[in-house]
Amino acid sequence: MSILEARELRRSFTTTTGVLRRQRKTVEAVRGVSFAVERGELFGLLGPNGAGKTTTIKMLITLLLPTSGSATILGRDVVTDAREVRRHIGYVFGGDRGLYERLSALDNLRYFAELYAVPARVQRARIGALLELVGLEGREKERVEGFSRGMRQRLHIARGLLHDPDLLFLDEPSIGIDPVGARELRQTIAGLRDQGKTVLLTTHYMFEADELCDRIAVIRTGELVAEGTPAQLKARVSAGSVVEIETFGGVREIVGPVTALSGVRSVVVNEHAQGESLVVQVEPGADVTAAVLGELHGIRVGRVVTREPTLEDAYVELVST
């Protein structure tokens, strides 16, 4: 039995639009999402903002009722057996809220251990083990207000594991964290997988998903559009190559002509500090570099690179289709 099973989950919201003539409008945030997470697996749920990731997570952790469909965790229904489901899950959200800053890390964990009804006889050993797991051993007596954002996120993970949940939800845990802190956080998450924990991770960082996840599901406009291992998703575009051209303004105007070139599968424009980059997915065996450069007349061009596709390339192609 899978530890988590979602079957045709749907969630609709009713909103009002207009100023003078108010009209009610039904918005489908999640439209028939189905997937399963196996025990001991690190499963990634990826998608752009507004795709329905957070709504899906909220239904799975019993914070939102599905409009239709069903989901079970350890065979328990998230609607009819919500209280029991909550005993077996942990939830960690992105950002640094949810901790008591004037308390030490140790006192925070002691407090939340009481809320989670962790038996007093096991609290000390479990808190010590979790502090070691998240790399905060030796810093536990310091006030949280002096912690970096990355340290706070690692403390959040320790808090979410206090009651030893069977399934841990990590909702964009590395958002806003500096590169050093993000690397330490990824090491912590990888450590959870090595210890056999089951984790469902949402993130906007494709390299993070590629490094950590055993399997990935991609959601777009409320629907799953792909599911598989990172290698399987990359294989969707790996039959060809990618030409990436650094430009300095005006490149969006030629996306149409470049897309129309023979041998071009898709074109995406990425912004960078100095300008934009044109990312061109190429058909197998095609050589389009010269033709693409020919369309860039009047546009200042920097670096031109031909490379193998990455998970980010596969993701962009999936959510842009």
# chains A, B, ... in the order shown; residues from 1 in each chain; ligands from 1
$ select_by_dssp --residues "region 17-164 of chain A" --states "alpha helix (DSSP H)" --output "PDB file with N, CA and C atoms, in the first residue's frame"
ATOM      1  N   LYS A  53      -0.454  23.737  -6.602  1.00  0.00           N
ATOM      2  CA  LYS A  53       0.372  22.928  -5.684  1.00  0.00           C
ATOM      3  C   LYS A  53      -0.071  23.097  -4.238  1.00  0.00           C
ATOM      4  N   THR A  54      -0.134  24.350  -3.781  1.00  0.00           N
ATOM      5  CA  THR A  54      -0.444  24.592  -2.368  1.00  0.00           C
ATOM      6  C   THR A  54      -1.864  24.145  -2.042  1.00  0.00           C
ATOM      7  N   THR A  55      -2.807  24.345  -2.970  1.00  0.00           N
ATOM      8  CA  THR A  55      -4.175  23.881  -2.740  1.00  0.00           C
ATOM      9  C   THR A  55      -4.199  22.366  -2.591  1.00  0.00           C
ATOM     10  N   THR A  56      -3.439  21.664  -3.432  1.00  0.00           N
ATOM     11  CA  THR A  56      -3.354  20.204  -3.327  1.00  0.00           C
ATOM     12  C   THR A  56      -2.781  19.788  -1.974  1.00  0.00           C
ATOM     13  N   ILE A  57      -1.692  20.451  -1.577  1.00  0.00           N
ATOM     14  CA  ILE A  57      -1.069  20.134  -0.285  1.00  0.00           C
ATOM     15  C   ILE A  57      -2.057  20.367   0.851  1.00  0.00           C
ATOM     16  N   LYS A  58      -2.787  21.474   0.808  1.00  0.00           N
ATOM     17  CA  LYS A  58      -3.735  21.788   1.895  1.00  0.00           C
ATOM     18  C   LYS A  58      -4.836  20.743   2.001  1.00  0.00           C
ATOM     19  N   MET A  59      -5.251  20.192   0.878  1.00  0.00           N
ATOM     20  CA  MET A  59      -6.241  19.112   0.942  1.00  0.00           C
ATOM     21  C   MET A  59      -5.632  17.859   1.563  1.00  0.00           C
ATOM     22  N   LEU A  60      -4.388  17.579   1.225  1.00  0.00           N
ATOM     23  CA  LEU A  60      -3.737  16.371   1.747  1.00  0.00           C
ATOM     24  C   LEU A  60      -3.455  16.463   3.237  1.00  0.00           C
ATOM     25  N   ALA A  82      -9.713  12.686   9.540  1.00  0.00           N
ATOM     26  CA  ALA A  82      -8.718  13.759   9.557  1.00  0.00           C
ATOM     27  C   ALA A  82      -7.886  13.773  10.836  1.00  0.00           C
ATOM     28  N   ARG A  83      -8.513  13.537  11.979  1.00  0.00           N
ATOM     29  CA  ARG A  83      -7.782  13.590  13.242  1.00  0.00           C
ATOM     30  C   ARG A  83      -6.657  12.542  13.281  1.00  0.00           C
ATOM     31  N   GLU A  84      -6.942  11.347  12.801  1.00  0.00           N
ATOM     32  CA  GLU A  84      -5.940  10.295  12.807  1.00  0.00           C
ATOM     33  C   GLU A  84      -4.853  10.577  11.761  1.00  0.00           C
ATOM     34  N   VAL A  85      -5.239  11.157  10.614  1.00  0.00           N
ATOM     35  CA  VAL A  85      -4.261  11.510   9.586  1.00  0.00           C
ATOM     36  C   VAL A  85      -3.240  12.490  10.145  1.00  0.00           C
ATOM     37  N   ARG A  86      -3.716  13.478  10.907  1.00  0.00           N
ATOM     38  CA  ARG A  86      -2.814  14.506  11.439  1.00  0.00           C
ATOM     39  C   ARG A  86      -1.766  13.932  12.386  1.00  0.00           C
ATOM     40  N   ARG A  87      -2.063  12.799  12.992  1.00  0.00           N
ATOM     41  CA  ARG A  87      -1.086  12.169  13.889  1.00  0.00           C
ATOM     42  C   ARG A  87       0.110  11.615  13.115  1.00  0.00           C
ATOM     43  N   ALA A 105      16.270  27.702  20.634  1.00  0.00           N
ATOM     44  CA  ALA A 105      15.845  26.592  19.778  1.00  0.00           C
ATOM     45  C   ALA A 105      15.374  25.415  20.623  1.00  0.00           C
ATOM     46  N   LEU A 106      16.080  25.164  21.716  1.00  0.00           N
ATOM     47  CA  LEU A 106      15.725  24.046  22.592  1.00  0.00           C
ATOM     48  C   LEU A 106      14.358  24.261  23.221  1.00  0.00           C
ATOM     49  N   ASP A 107      14.107  25.482  23.713  1.00  0.00           N
ATOM     50  CA  ASP A 107      12.816  25.766  24.340  1.00  0.00           C
ATOM     51  C   ASP A 107      11.685  25.711  23.321  1.00  0.00           C
ATOM     52  N   ASN A 108      11.945  26.150  22.081  1.00  0.00           N
ATOM     53  CA  ASN A 108      10.933  26.019  21.032  1.00  0.00           C
ATOM     54  C   ASN A 108      10.556  24.564  20.834  1.00  0.00           C
ATOM     55  N   LEU A 109      11.559  23.698  20.743  1.00  0.00           N
ATOM     56  CA  LEU A 109      11.273  22.286  20.509  1.00  0.00           C
ATOM     57  C   LEU A 109      10.589  21.645  21.708  1.00  0.00           C
ATOM     58  N   ARG A 110      10.972  22.057  22.910  1.00  0.00           N
ATOM     59  CA  ARG A 110      10.287  21.534  24.106  1.00  0.00           C
ATOM     60  C   ARG A 110       8.812  21.929  24.100  1.00  0.00           C
ATOM     61  N   TYR A 111       8.556  23.188  23.732  1.00  0.00           N
ATOM     62  CA  TYR A 111       7.181  23.677  23.711  1.00  0.00           C
ATOM     63  C   TYR A 111       6.345  22.900  22.696  1.00  0.00           C
ATOM     64  N   PHE A 112       6.873  22.767  21.471  1.00  0.00           N
ATOM     65  CA  PHE A 112       6.114  22.072  20.435  1.00  0.00           C
ATOM     66  C   PHE A 112       6.004  20.581  20.724  1.00  0.00           C
ATOM     67  N   ALA A 113       6.974  20.018  21.416  1.00  0.00           N
ATOM     68  CA  ALA A 113       6.880  18.617  21.810  1.00  0.00           C
ATOM     69  C   ALA A 113       5.684  18.401  22.733  1.00  0.00           C
ATOM     70  N   GLU A 114       5.430  19.369  23.620  1.00  0.00           N
ATOM     71  CA  GLU A 114       4.264  19.272  24.499  1.00  0.00           C
ATOM     72  C   GLU A 114       2.968  19.373  23.678  1.00  0.00           C
ATOM     73  N   LEU A 115       2.961  20.301  22.685  1.00  0.00           N
ATOM     74  CA  LEU A 115       1.761  20.444  21.858  1.00  0.00           C
ATOM     75  C   LEU A 115       1.483  19.176  21.062  1.00  0.00           C
ATOM     76  N   ALA A 120       6.954  12.580  27.781  1.00  0.00           N
ATOM     77  CA  ALA A 120       8.065  13.254  28.457  1.00  0.00           C
ATOM     78  C   ALA A 120       9.316  12.379  28.506  1.00  0.00           C
ATOM     79  N   ARG A 121       9.150  11.076  28.621  1.00  0.00           N
ATOM     80  CA  ARG A 121      10.300  10.180  28.758  1.00  0.00           C
ATOM     81  C   ARG A 121      11.141  10.083  27.480  1.00  0.00           C
ATOM     82  N   VAL A 122      10.550  10.491  26.315  1.00  0.00           N
ATOM     83  CA  VAL A 122      11.305  10.386  25.061  1.00  0.00           C
ATOM     84  C   VAL A 122      11.677  11.760  24.497  1.00  0.00           C
ATOM     85  N   GLN A 123      11.183  12.832  25.130  1.00  0.00           N
ATOM     86  CA  GLN A 123      11.415  14.161  24.565  1.00  0.00           C
ATOM     87  C   GLN A 123      12.900  14.497  24.464  1.00  0.00           C
ATOM     88  N   ARG A 124      13.639  14.278  25.543  1.00  0.00           N
ATOM     89  CA  ARG A 124      15.038  14.704  25.573  1.00  0.00           C
ATOM     90  C   ARG A 124      15.859  14.019  24.485  1.00  0.00           C
ATOM     91  N   ALA A 125      15.717  12.714  24.381  1.00  0.00           N
ATOM     92  CA  ALA A 125      16.486  11.968  23.380  1.00  0.00           C
ATOM     93  C   ALA A 125      16.072  12.360  21.965  1.00  0.00           C
ATOM     94  N   ARG A 126      14.770  12.535  21.740  1.00  0.00           N
ATOM     95  CA  ARG A 126      14.309  12.863  20.393  1.00  0.00           C
ATOM     96  C   ARG A 126      14.755  14.261  19.989  1.00  0.00           C
ATOM     97  N   ILE A 127      14.658  15.219  20.893  1.00  0.00           N
ATOM     98  CA  ILE A 127      15.088  16.584  20.573  1.00  0.00           C
ATOM     99  C   ILE A 127      16.581  16.616  20.279  1.00  0.00           C
ATOM    100  N   GLY A 128      17.357  15.900  21.066  1.00  0.00           N
ATOM    101  CA  GLY A 128      18.798  15.837  20.821  1.00  0.00           C
ATOM    102  C   GLY A 128      19.122  15.243  19.458  1.00  0.00           C
ATOM    103  N   ALA A 129      18.416  14.178  19.090  1.00  0.00           N
ATOM    104  CA  ALA A 129      18.651  13.530  17.798  1.00  0.00           C
ATOM    105  C   ALA A 129      18.255  14.446  16.645  1.00  0.00           C
ATOM    106  N   LEU A 130      17.165  15.200  16.822  1.00  0.00           N
ATOM    107  CA  LEU A 130      16.718  16.088  15.755  1.00  0.00           C
ATOM    108  C   LEU A 130      17.651  17.281  15.593  1.00  0.00           C
ATOM    109  N   LEU A 131      18.156  17.811  16.698  1.00  0.00           N
ATOM    110  CA  LEU A 131      19.112  18.916  16.608  1.00  0.00           C
ATOM    111  C   LEU A 131      20.367  18.478  15.858  1.00  0.00           C
ATOM    112  N   GLU A 132      20.788  17.252  16.097  1.00  0.00           N
ATOM    113  CA  GLU A 132      21.948  16.720  15.372  1.00  0.00           C
ATOM    114  C   GLU A 132      21.615  16.525  13.893  1.00  0.00           C
ATOM    115  N   LEU A 133      20.418  16.030  13.608  1.00  0.00           N
ATOM    116  CA  LEU A 133      20.002  15.777  12.232  1.00  0.00           C
ATOM    117  C   LEU A 133      19.994  17.061  11.403  1.00  0.00           C
ATOM    118  N   ARG A 149      18.053  32.763   8.291  1.00  0.00           N
ATOM    119  CA  ARG A 149      16.831  32.174   7.757  1.00  0.00           C
ATOM    120  C   ARG A 149      17.000  30.681   7.507  1.00  0.00           C
ATOM    121  N   GLY A 150      18.184  30.297   7.037  1.00  0.00           N
ATOM    122  CA  GLY A 150      18.429  28.879   6.803  1.00  0.00           C
ATOM    123  C   GLY A 150      18.391  28.072   8.089  1.00  0.00           C
ATOM    124  N   MET A 151      18.954  28.622   9.167  1.00  0.00           N
ATOM    125  CA  MET A 151      18.919  27.931  10.455  1.00  0.00           C
ATOM    126  C   MET A 151      17.486  27.795  10.955  1.00  0.00           C
ATOM    127  N   ARG A 152      16.684  28.846  10.729  1.00  0.00           N
ATOM    128  CA  ARG A 152      15.275  28.781  11.163  1.00  0.00           C
ATOM    129  C   ARG A 152      14.525  27.694  10.387  1.00  0.00           C
ATOM    130  N   GLN A 153      14.822  27.580   9.082  1.00  0.00           N
ATOM    131  CA  GLN A 153      14.157  26.551   8.307  1.00  0.00           C
ATOM    132  C   GLN A 153      14.544  25.156   8.774  1.00  0.00           C
ATOM    133  N   ARG A 154      15.804  24.985   9.138  1.00  0.00           N
ATOM    134  CA  ARG A 154      16.221  23.676   9.657  1.00  0.00           C
ATOM    135  C   ARG A 154      15.562  23.394  11.005  1.00  0.00           C
ATOM    136  N   LEU A 155      15.352  24.447  11.802  1.00  0.00           N
ATOM    137  CA  LEU A 155      14.633  24.277  13.067  1.00  0.00           C
ATOM    138  C   LEU A 155      13.170  23.934  12.798  1.00  0.00           C
ATOM    139  N   HIS A 156      12.596  24.533  11.749  1.00  0.00           N
ATOM    140  CA  HIS A 156      11.229  24.185  11.346  1.00  0.00           C
ATOM    141  C   HIS A 156      11.129  22.690  11.030  1.00  0.00           C
ATOM    142  N   ILE A 157      12.130  22.171  10.333  1.00  0.00           N
ATOM    143  CA  ILE A 157      12.110  20.748   9.982  1.00  0.00           C
ATOM    144  C   ILE A 157      12.174  19.895  11.247  1.00  0.00           C
ATOM    145  N   ALA A 158      13.028  20.294  12.191  1.00  0.00           N
ATOM    146  CA  ALA A 158      13.095  19.569  13.461  1.00  0.00           C
ATOM    147  C   ALA A 158      11.747  19.597  14.171  1.00  0.00           C
ATOM    148  N   ARG A 159      11.092  20.756  14.156  1.00  0.00           N
ATOM    149  CA  ARG A 159       9.774  20.871  14.785  1.00  0.00           C
ATOM    150  C   ARG A 159       8.768  19.941  14.117  1.00  0.00           C
ATOM    151  N   GLY A 160       8.805  19.879  12.764  1.00  0.00           N
ATOM    152  CA  GLY A 160       7.862  19.036  12.043  1.00  0.00           C
ATOM    153  C   GLY A 160       8.077  17.557  12.256  1.00  0.00           C
TER     154      GLY A 160
END
$ closest_atom_pairs --of "region 275-307 of chain A" --to "region 248-271 of chain A" --cutoff "6 Å" --atoms "only C-alpha atoms" --output "Markdown table"
| residue | atom | partner | partner_atom | distance |
| --- | --- | --- | --- | --- |
| A:Gly275 | CA | A:Phe248 | CA | 4.4 |
| A:Glu276 | CA | A:Glu271 | CA | 4.3 |
| A:Ser277 | CA | A:Asn270 | CA | 5.1 |
| A:Leu278 | CA | A:Val269 | CA | 4.8 |
| A:Val279 | CA | A:Val268 | CA | 5.1 |
| A:Val280 | CA | A:Val267 | CA | 4.6 |
| A:Gln281 | CA | A:Ser266 | CA | 5.1 |
| A:Val282 | CA | A:Val264 | CA | 4.8 |
| A:Glu283 | CA | A:Gly263 | CA | 5.0 |
| A:Ala286 | CA | A:Gly263 | CA | 5.4 |
| A:Arg300 | CA | A:Phe248 | CA | 5.6 |
$ write_last_selection --atoms "N, CA and C atoms" --output "PDB file, in the first residue's frame"
ATOM      1  N   GLY A 275      20.268  41.272 -19.128  1.00  0.00           N
ATOM      2  CA  GLY A 275      19.355  41.238 -20.259  1.00  0.00           C
ATOM      3  C   GLY A 275      18.504  39.992 -20.249  1.00  0.00           C
ATOM      4  N   GLU A 276      18.530  39.254 -21.365  1.00  0.00           N
ATOM      5  CA  GLU A 276      17.701  38.061 -21.500  1.00  0.00           C
ATOM      6  C   GLU A 276      18.491  36.953 -22.195  1.00  0.00           C
ATOM      7  N   SER A 277      18.033  35.723 -21.999  1.00  0.00           N
ATOM      8  CA  SER A 277      18.617  34.578 -22.690  1.00  0.00           C
ATOM      9  C   SER A 277      17.533  33.887 -23.501  1.00  0.00           C
ATOM     10  N   LEU A 278      17.874  33.530 -24.723  1.00  0.00           N
ATOM     11  CA  LEU A 278      16.978  32.790 -25.592  1.00  0.00           C
ATOM     12  C   LEU A 278      17.340  31.314 -25.476  1.00  0.00           C
ATOM     13  N   VAL A 279      16.395  30.488 -24.980  1.00  0.00           N
ATOM     14  CA  VAL A 279      16.631  29.060 -24.794  1.00  0.00           C
ATOM     15  C   VAL A 279      15.827  28.307 -25.852  1.00  0.00           C
ATOM     16  N   VAL A 280      16.548  27.657 -26.759  1.00  0.00           N
ATOM     17  CA  VAL A 280      15.922  27.014 -27.919  1.00  0.00           C
ATOM     18  C   VAL A 280      16.072  25.495 -27.806  1.00  0.00           C
ATOM     19  N   GLN A 281      14.934  24.785 -27.743  1.00  0.00           N
ATOM     20  CA  GLN A 281      14.939  23.327 -27.776  1.00  0.00           C
ATOM     21  C   GLN A 281      15.041  22.873 -29.231  1.00  0.00           C
ATOM     22  N   VAL A 282      16.005  21.984 -29.523  1.00  0.00           N
ATOM     23  CA  VAL A 282      16.322  21.605 -30.898  1.00  0.00           C
ATOM     24  C   VAL A 282      15.940  20.149 -31.152  1.00  0.00           C
ATOM     25  N   GLU A 283      15.402  19.876 -32.346  1.00  0.00           N
ATOM     26  CA  GLU A 283      15.064  18.515 -32.734  1.00  0.00           C
ATOM     27  C   GLU A 283      16.335  17.673 -32.869  1.00  0.00           C
ATOM     28  N   ALA A 286      19.320  18.177 -35.644  1.00  0.00           N
ATOM     29  CA  ALA A 286      19.229  19.489 -36.294  1.00  0.00           C
ATOM     30  C   ALA A 286      20.334  20.415 -35.795  1.00  0.00           C
ATOM     31  N   ARG A 300      22.188  42.809 -29.700  1.00  0.00           N
ATOM     32  CA  ARG A 300      23.529  42.506 -29.216  1.00  0.00           C
ATOM     33  C   ARG A 300      23.531  41.136 -28.549  1.00  0.00           C
TER      34      ARG A 300
END
$ residues_around --residues "region 305-309 of chain A" --least-positions-apart "5" --cutoff "12 Å" --atoms "only C-alpha atoms" --output "PDB file with C-alpha atoms, in the first residue's frame"
ATOM      1  CA  PRO A 230      14.079  13.247 -12.973  1.00  0.00           C
ATOM      2  CA  ALA A 231      15.846  11.178 -15.645  1.00  0.00           C
ATOM      3  CA  GLN A 232      12.537  10.201 -17.250  1.00  0.00           C
ATOM      4  CA  LEU A 233      11.358  13.812 -17.369  1.00  0.00           C
ATOM      5  CA  LYS A 234      14.651  14.970 -18.877  1.00  0.00           C
ATOM      6  CA  ALA A 235      14.377  12.193 -21.453  1.00  0.00           C
ATOM      7  CA  ARG A 236      11.293  13.929 -22.838  1.00  0.00           C
ATOM      8  CA  VAL A 237      13.610  16.584 -24.304  1.00  0.00           C
ATOM      9  CA  SER A 238      16.960  14.789 -24.264  1.00  0.00           C
ATOM     10  CA  ALA A 239      16.519  13.399 -27.766  1.00  0.00           C
ATOM     11  CA  GLY A 240      17.620  16.833 -28.966  1.00  0.00           C
ATOM     12  CA  SER A 241      19.892  19.553 -27.639  1.00  0.00           C
ATOM     13  CA  VAL A 242      19.505  23.054 -26.255  1.00  0.00           C
ATOM     14  CA  VAL A 243      20.967  26.244 -27.705  1.00  0.00           C
ATOM     15  CA  GLU A 244      21.181  29.046 -25.138  1.00  0.00           C
ATOM     16  CA  ILE A 245      22.004  32.542 -26.412  1.00  0.00           C
ATOM     17  CA  GLU A 246      22.690  35.454 -24.092  1.00  0.00           C
ATOM     18  CA  SER A 277      18.617  34.578 -22.690  1.00  0.00           C
ATOM     19  CA  LEU A 278      16.978  32.790 -25.592  1.00  0.00           C
ATOM     20  CA  VAL A 279      16.631  29.060 -24.794  1.00  0.00           C
ATOM     21  CA  VAL A 280      15.922  27.014 -27.919  1.00  0.00           C
ATOM     22  CA  GLN A 281      14.939  23.327 -27.776  1.00  0.00           C
ATOM     23  CA  VAL A 282      16.322  21.605 -30.898  1.00  0.00           C
ATOM     24  CA  GLU A 283      15.064  18.515 -32.734  1.00  0.00           C
ATOM     25  CA  PRO A 284      17.400  15.467 -32.850  1.00  0.00           C
ATOM     26  CA  ALA A 286      19.229  19.489 -36.294  1.00  0.00           C
ATOM     27  CA  ASP A 287      21.750  22.341 -36.306  1.00  0.00           C
ATOM     28  CA  VAL A 288      19.875  25.604 -35.901  1.00  0.00           C
ATOM     29  CA  THR A 289      22.487  27.842 -34.273  1.00  0.00           C
ATOM     30  CA  ALA A 290      23.362  29.783 -37.438  1.00  0.00           C
ATOM     31  CA  ALA A 314      11.940  19.692 -19.328  1.00  0.00           C
ATOM     32  CA  TYR A 315       9.906  21.583 -16.721  1.00  0.00           C
ATOM     33  CA  VAL A 316       9.666  24.751 -18.831  1.00  0.00           C
ATOM     34  CA  GLU A 317       8.558  22.736 -21.846  1.00  0.00           C
TER      35      GLU A 317
END
$ residues_around --residues "Ile216 (chain A)" --least-positions-apart "4" --cutoff "7 Å" --atoms "only C-alpha atoms" --output "list in words"
Phe43, Gly44, Leu45, Glu227, Gly228, Thr229 and Pro230 of chain A
$ write_last_selection --atoms "N, CA and C atoms" --output "PDB file, in the first residue's frame"
ATOM      1  N   PHE A  43       9.326  12.594  -2.862  1.00  0.00           N
ATOM      2  CA  PHE A  43       8.474  12.866  -4.023  1.00  0.00           C
ATOM      3  C   PHE A  43       8.358  14.368  -4.209  1.00  0.00           C
ATOM      4  N   GLY A  44       8.602  14.851  -5.427  1.00  0.00           N
ATOM      5  CA  GLY A  44       8.521  16.274  -5.711  1.00  0.00           C
ATOM      6  C   GLY A  44       7.235  16.632  -6.428  1.00  0.00           C
ATOM      7  N   LEU A  45       6.599  17.722  -6.005  1.00  0.00           N
ATOM      8  CA  LEU A  45       5.417  18.262  -6.686  1.00  0.00           C
ATOM      9  C   LEU A  45       5.796  19.646  -7.192  1.00  0.00           C
ATOM     10  N   GLU A 227       4.680  12.804 -14.891  1.00  0.00           N
ATOM     11  CA  GLU A 227       5.135  12.176 -13.653  1.00  0.00           C
ATOM     12  C   GLU A 227       6.221  11.171 -13.995  1.00  0.00           C
ATOM     13  N   GLY A 228       7.267  11.120 -13.162  1.00  0.00           N
ATOM     14  CA  GLY A 228       8.341  10.165 -13.392  1.00  0.00           C
ATOM     15  C   GLY A 228       9.584  10.569 -12.633  1.00  0.00           C
ATOM     16  N   THR A 229      10.653   9.828 -12.824  1.00  0.00           N
ATOM     17  CA  THR A 229      11.925  10.177 -12.203  1.00  0.00           C
ATOM     18  C   THR A 229      12.494  11.405 -12.905  1.00  0.00           C
ATOM     19  N   PRO A 230      13.444  12.122 -12.268  1.00  0.00           N
ATOM     20  CA  PRO A 230      14.079  13.247 -12.973  1.00  0.00           C
ATOM     21  C   PRO A 230      14.664  12.829 -14.317  1.00  0.00           C
TER      22      PRO A 230
END
$ atom_distance --atom1 "CA of Thr203 (chain A)" --atom2 "CA of Leu168 (chain A)"
14.4 Å
